[in-house]
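> Sharing my_file-v9.txt here; it has compact mmCIF, C-alpha atoms.
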# COMPACT_ATOMS: atom_id res chain seq x y z
CA MET A 1 -11.10 27.17 40.53
CA ALA A 2 -9.20 27.23 37.25
CA ILE A 3 -9.75 24.30 34.92
CA ASN A 4 -6.59 22.71 33.57
CA VAL A 5 -6.34 21.34 30.04
CA LYS A 6 -3.66 19.25 28.36
CA VAL A 7 -1.65 20.55 25.42
CA ASN A 8 1.25 19.00 23.55
CA VAL A 9 4.50 20.94 23.20
CA LEU A 10 7.14 20.12 20.57
CA PHE A 11 10.76 21.25 20.39
CA PHE A 12 12.81 21.01 17.21
CA ALA A 13 16.45 20.91 16.14
CA SER A 14 18.77 22.98 18.37
CA LEU A 15 16.02 23.55 20.95
CA LYS A 16 15.43 19.82 21.24
CA GLU A 17 19.14 19.39 21.90
CA ASP A 18 19.37 22.32 24.33
CA LEU A 19 16.39 21.16 26.39
CA GLY A 20 17.05 17.44 26.04
CA VAL A 21 13.43 16.74 25.16
CA SER A 22 11.47 16.67 21.89
CA GLU A 23 7.91 16.57 23.14
CA ILE A 24 6.03 16.99 26.43
CA GLU A 25 2.42 16.91 27.48
CA LEU A 26 1.69 19.94 29.60
CA ASP A 27 -1.13 20.97 31.93
CA VAL A 28 -2.11 24.58 31.40
CA SER A 29 -5.10 26.56 32.57
CA ASP A 30 -7.92 26.69 30.03
CA ARG A 31 -7.52 29.76 27.81
CA ALA A 32 -3.88 30.09 28.83
CA GLY A 33 -1.87 32.62 26.83
CA ARG A 34 1.79 33.06 25.92
CA SER A 35 3.03 33.96 29.41
CA ASP A 36 0.94 31.20 31.07
CA LEU A 37 2.50 28.71 28.67
CA LEU A 38 5.98 29.87 29.57
CA ASP A 39 5.16 29.62 33.29
CA SER A 40 3.96 26.04 32.84
CA LEU A 41 7.05 25.15 30.82
CA THR A 42 9.31 26.65 33.47
CA SER A 43 7.57 24.55 36.13
CA GLU A 44 8.02 21.44 34.03
CA LEU A 45 11.50 21.95 32.58
CA GLY A 46 13.15 24.36 35.00
CA SER A 47 14.12 28.01 34.62
CA ASP A 48 17.00 27.16 32.27
CA CYS A 49 14.47 26.63 29.47
CA VAL A 50 13.38 30.28 29.43
CA SER A 51 16.38 31.75 27.67
CA PRO A 52 16.48 29.37 24.66
CA LEU A 53 12.68 29.30 24.25
CA MET A 54 12.31 33.07 24.41
CA ALA A 55 15.21 33.83 22.07
CA GLU A 56 14.28 36.46 19.51
CA ASN A 57 14.75 34.14 16.55
CA VAL A 58 12.52 31.36 17.96
CA SER A 59 9.00 31.19 16.51
CA ILE A 60 5.98 29.63 18.20
CA ALA A 61 3.42 27.70 16.16
CA VAL A 62 0.03 26.73 17.54
CA ASN A 63 -1.54 23.90 15.58
CA ARG A 64 1.09 24.38 12.86
CA SER A 65 0.41 28.08 12.37
CA ILE A 66 2.99 30.70 13.39
CA GLU A 67 1.67 32.98 16.14
CA LYS A 68 3.56 36.25 16.44
CA GLY A 69 1.18 37.88 18.89
CA GLU A 70 -0.93 36.67 21.80
CA PHE A 71 -2.83 33.40 21.59
CA VAL A 72 -5.34 31.46 23.66
CA LEU A 73 -4.82 27.75 24.22
CA LYS A 74 -7.47 25.07 24.43
CA SER A 75 -7.41 21.37 25.21
CA GLY A 76 -5.50 19.30 22.66
CA ASP A 77 -3.61 22.18 21.08
CA GLU A 78 -0.16 21.42 19.65
CA ILE A 79 2.43 24.08 20.35
CA ALA A 80 5.80 23.99 18.61
CA PHE A 81 8.93 26.00 19.32
CA LEU A 82 10.80 26.54 16.06
CA PRO A 83 14.41 27.71 15.86
CA PRO A 84 15.43 29.46 12.60
CA ILE A 85 14.38 27.39 9.59
CA THR A 86 16.23 26.72 6.36
CA GLY A 87 15.50 24.25 3.60
CA GLY A 88 16.91 23.40 0.22
CA MET B 1 -2.06 18.16 -8.90
CA ASP B 2 1.44 19.12 -7.80
CA GLU B 3 3.64 16.67 -5.90
CA ILE B 4 5.20 17.49 -2.53
CA ARG B 5 7.14 14.79 -0.70
CA VAL B 6 9.38 14.80 2.35
CA GLN B 7 11.25 11.53 2.67
CA THR B 8 14.37 9.85 4.02
CA ASP B 9 14.87 7.81 0.86
CA ASP B 10 16.87 9.08 -2.09
CA PHE B 11 14.99 10.12 -5.22
CA SER B 12 15.48 9.28 -8.87
CA VAL B 13 15.71 12.36 -11.06
CA ALA B 14 14.75 10.26 -14.09
CA ASP B 15 11.60 8.93 -12.39
CA GLU B 16 10.54 12.39 -11.21
CA TYR B 17 11.20 13.89 -14.65
CA GLU B 18 9.10 11.17 -16.25
CA ALA B 19 6.29 11.68 -13.73
CA CYS B 20 6.40 15.42 -14.37
CA GLY B 21 6.10 14.90 -18.10
CA ALA B 22 3.14 12.57 -17.58
CA ALA B 23 1.37 15.06 -15.29
CA ALA B 24 1.99 18.13 -17.48
CA GLY B 25 -0.39 19.08 -20.29
CA LEU B 26 -0.01 18.30 -23.97
CA ASP B 27 1.36 21.77 -24.68
CA CYS B 28 4.20 21.32 -22.18
CA GLY B 29 7.29 22.68 -23.89
CA ALA B 30 9.76 23.06 -21.04
CA ILE B 31 10.75 21.20 -17.89
CA ALA B 32 13.30 22.83 -15.58
CA THR B 33 14.92 20.78 -12.83
CA PHE B 34 17.13 21.67 -9.90
CA ILE B 35 18.93 19.22 -7.63
CA GLY B 36 20.55 20.38 -4.40
CA LEU B 37 23.49 18.36 -3.02
CA VAL B 38 25.30 18.09 0.31
CA ARG B 39 28.59 19.95 -0.14
CA HIS B 40 31.85 18.26 0.83
CA ALA B 41 33.14 21.49 2.37
CA ASP B 42 31.78 24.73 3.83
CA GLY B 43 34.48 27.36 3.63
CA ASP B 44 37.55 25.86 5.28
CA SER B 45 35.57 23.16 7.12
CA LYS B 46 35.34 19.66 5.74
CA VAL B 47 31.70 18.50 5.77
CA GLU B 48 31.03 14.83 6.35
CA GLY B 49 27.27 15.08 6.05
CA LEU B 50 24.07 16.90 6.83
CA HIS B 51 21.31 16.06 9.29
CA LEU B 52 17.87 17.36 8.33
CA GLU B 53 14.71 17.57 10.43
CA HIS B 54 11.20 18.68 9.57
CA TYR B 55 7.84 19.29 11.24
CA PRO B 56 5.38 16.87 9.61
CA GLY B 57 2.36 18.70 8.26
CA MET B 58 3.75 22.19 8.71
CA THR B 59 6.72 21.53 6.43
CA GLU B 60 4.53 20.29 3.59
CA ALA B 61 2.20 23.29 4.09
CA SER B 62 5.15 25.68 3.85
CA ILE B 63 6.22 24.11 0.54
CA LYS B 64 2.63 24.24 -0.74
CA ASN B 65 2.53 27.98 0.03
CA ILE B 66 5.72 28.55 -1.96
CA ILE B 67 4.40 26.60 -4.97
CA GLU B 68 1.10 28.49 -4.84
CA ASP B 69 2.96 31.76 -4.91
CA ALA B 70 5.00 30.59 -7.90
CA ARG B 71 1.76 29.59 -9.63
CA ASN B 72 0.39 33.10 -9.06
CA ARG B 73 3.39 34.56 -10.88
CA TRP B 74 3.93 32.19 -13.76
CA SER B 75 1.96 29.84 -15.96
CA LEU B 76 2.92 26.39 -14.68
CA GLN B 77 1.57 23.01 -15.67
CA HIS B 78 3.08 20.84 -12.97
CA VAL B 79 5.46 21.24 -10.04
CA ARG B 80 7.25 18.55 -8.02
CA VAL B 81 9.27 19.19 -4.87
CA VAL B 82 10.99 16.25 -3.17
CA HIS B 83 12.97 17.09 -0.03
CA ARG B 84 14.98 14.59 1.97
CA ILE B 85 15.35 14.41 5.74
CA GLY B 86 17.56 12.33 8.02
CA THR B 87 21.33 12.04 7.95
CA LEU B 88 22.83 12.39 4.48
CA PRO B 89 26.52 11.90 3.68
CA ALA B 90 28.39 14.58 1.69
CA GLY B 91 27.57 14.34 -2.00
CA SER B 92 24.00 13.13 -1.38
CA GLN B 93 21.01 14.58 -3.14
CA ILE B 94 18.95 16.74 -0.74
CA VAL B 95 16.24 18.42 -2.76
CA LEU B 96 14.65 18.21 -6.17
CA VAL B 97 12.50 20.85 -7.85
CA VAL B 98 10.87 20.06 -11.19
CA VAL B 99 8.73 22.62 -12.98
CA ALA B 100 6.81 22.11 -16.22
CA SER B 101 5.49 24.95 -18.36
CA SER B 102 4.66 25.72 -21.96
CA HIS B 103 7.77 27.82 -22.41
CA ARG B 104 11.20 27.96 -20.82
CA PRO B 105 11.12 31.45 -19.24
CA ASP B 106 8.33 30.47 -16.84
CA ALA B 107 9.89 27.08 -16.04
CA PHE B 108 13.35 28.56 -15.33
CA ALA B 109 12.02 31.46 -13.27
CA ALA B 110 9.62 29.39 -11.18
CA CYS B 111 12.26 26.73 -10.47
CA GLU B 112 14.68 29.38 -9.22
CA PHE B 113 11.95 31.16 -7.23
CA ILE B 114 10.85 27.95 -5.51
CA MET B 115 14.44 27.12 -4.53
CA ASP B 116 15.08 30.64 -3.22
CA PHE B 117 12.00 30.42 -1.00
CA LEU B 118 12.74 26.86 0.15
CA LYS B 119 15.97 28.28 1.58
CA THR B 120 14.25 30.83 3.81
CA GLU B 121 10.58 29.82 4.21
CA ALA B 122 10.40 26.02 4.19
CA VAL B 123 10.17 24.44 7.64
CA PHE B 124 13.38 22.39 7.81
CA TRP B 125 16.40 22.43 10.06
CA LYS B 126 19.87 21.43 8.89
CA LYS B 127 22.88 20.50 10.95
CA GLU B 128 26.26 20.23 9.30
CA ILE B 129 28.32 17.33 10.53
CA ARG B 130 31.86 18.61 10.13
CA SER B 131 35.18 16.99 10.81
CA ASP B 132 35.64 19.60 13.57
CA GLY B 133 32.14 19.40 15.14
CA GLU B 134 28.44 19.89 14.45
CA LEU B 135 26.69 23.12 13.59
CA TRP B 136 23.02 24.00 13.05
CA ILE B 137 23.04 26.17 9.97
CA ARG B 138 20.79 29.08 9.10
CA SER B 139 19.75 30.92 6.00
CA THR B 140 22.55 33.25 4.93
CA SER B 141 22.27 36.96 4.20
CA GLY B 142 22.69 35.96 0.56
CA ASP B 143 19.65 33.67 0.84
CA TYR B 144 17.53 36.54 2.17
CA GLU B 145 18.83 38.90 -0.52
CA ARG B 146 17.85 36.44 -3.22
CA ARG B 147 14.40 35.98 -1.67
CA ASP B 148 13.86 39.72 -1.34
CA GLY B 149 14.96 40.17 -4.94
CA TRP B 150 11.64 38.63 -6.01
CA ASP B 151 9.71 41.86 -5.34
CA ASP B 152 7.30 41.07 -2.56
CA GLY B 153 7.78 37.49 -1.34
CA VAL B 154 5.36 34.91 0.03
CA SER B 155 3.57 34.88 3.32
CA SER B 156 4.84 32.49 5.95
CA VAL B 157 2.81 29.48 7.02
CA GLY B 158 -0.31 30.45 8.90
CA GLU B 159 -0.09 34.15 8.16
Could you write out this file's structure as structure tokens?

Amino acid sequence: MAINVKVNVLFFASLKEDLGVSEIELDVSDRAGRSDLLDSLTSELGSDCVSPLMAENVSIAVNRSIEKGEFVLKSGDEIAFLPPITGG
Amino acid sequence: MDEIRVQTDDFSVADEYEACGAAAGLDCGAIATFIGLVRHADGDSKVEGLHLEHYPGMTEASIKNIIEDARNRWSLQHVRVVHRIGTLPAGSQIVLVVVASSHRPDAFAACEFIMDFLKTEAVFWKKEIRSDGELWIRSTSGDYERRDGWDDGVSSVGE
């Protein structure tokens, strides 16, 4: 039987507004990857979240480091969905 | 030790200039400063203010990366970056970059470089509050052209 772990997921700026939530605690299977994360988010937030979260210009950070490829999640990880950034 | 701060409060250019002078070495001969302001208009739209968000920890790391890259290119004695977040009315100060060096070419160049990379690589989000609605704004093609004009660029956070 798969072991579930808890991770924290953050949404910023336009994504926070689109989804109506800034932060959720999520149960994912231990060693979950990108598609498992999306499945868990869909279960939690509904299928409407898929389009904004998977937009081409949205970056995913795991523990404050941008992950462009596959990743493996562990208990306590912080995942952030980042719409396009601009400072200054 | 460089200074990186993200804060809601306004900053005093005089205080930051003084702190830069105190932190720089005895052979400091040039301090360049840049202050970014909230425009009152963007094209034909009247801007009432700007709302800024950041990602604590990651934002500061992204600024640190930019400063490190500037330090690899020029001889710098001290760098200060103060960036505001929250809701700022038009005309407010948003960002301050202060760079100290022995000579002006390095101070000018590094100050401009740091600002160009803050525009495209620093982890902030900005929403314009206009008289006709609200709009999350993005780096412009001009911002990317200016960044790419610095030869090879800096790596993004975590890469």
> CA of Leu37 in chain A and CA of Gly76 in chain A, how far apart in Å?
13.7 Å
> Of the residues A:Lys6, A:Arg64, A:Lys16, A:Lys74, which is the one nearest to chain B, using only C-alpha atoms?
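That would be A:Arg64, the residue with the smallest distance to chain B.
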> Dig up all the protein and nucleic acid residues within 9 Å of (-4.7, 33.3, 20.1) in the file frame, using all atoms listed in the file, and format them as a PyMOL selection string.
chain A and resi 31+33-34+62+67+69-73
> Given all atoms listed in the file, how would the per-residue table for chain A near chain B read, listing every residue at most 7 Å away with its closest atom pair and distance in Å to one decimal, sorted by chain and number, as a Markdown table?

| residue | atom | partner | partner_atom | distance |
| --- | --- | --- | --- | --- |
| A:Ala13 | CA | B:Trp125 | CA | 6.3 |
| A:Ser14 | CA | B:Trp136 | CA | 6.9 |
| A:Arg64 | CA | B:Met58 | CA | 5.4 |
| A:Ser65 | CA | B:Gly158 | CA | 4.3 |
| A:Ile66 | CA | B:Gly158 | CA | 5.6 |
| A:Pro84 | CA | B:Arg138 | CA | 6.4 |
| A:Ile85 | CA | B:Trp125 | CA | 5.4 |
| A:Thr86 | CA | B:Lys119 | CA | 5.0 |
| A:Gly87 | CA | B:Lys119 | CA | 4.5 |
| A:Gly88 | CA | B:Lys119 | CA | 5.2 |
> One decimal, Å: what's the distance from CA of Val50 in chain A over to CA of Gly133 in chain B, could you say?
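One can read the CA of Val50 in chain A to CA of Gly133 in chain B distance as 26.0 Å.
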> CA of Gly49 in chain B to CA of Ile66 in chain B: how many Å, to one decimal?
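Distance reported for this atom pair: 26.6 Å.
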> Go through B:Asn72, B:Gln77, B:Ser45, B:Thr8 and flag the residue nearest Ala23 in chain B, using only C-alpha atoms for the distances.
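Result for the nearest residue to Ala23 in chain B: B:Gln77.
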> Measuring between all atoms listed in the file, which one of A:Asn4, A:Gly46, A:Asp36, A:Ser75 shows the shortest distance to Gly20 in chain A?
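Looking at the shortest contact to Gly20 in chain A, the residue is A:Gly46.
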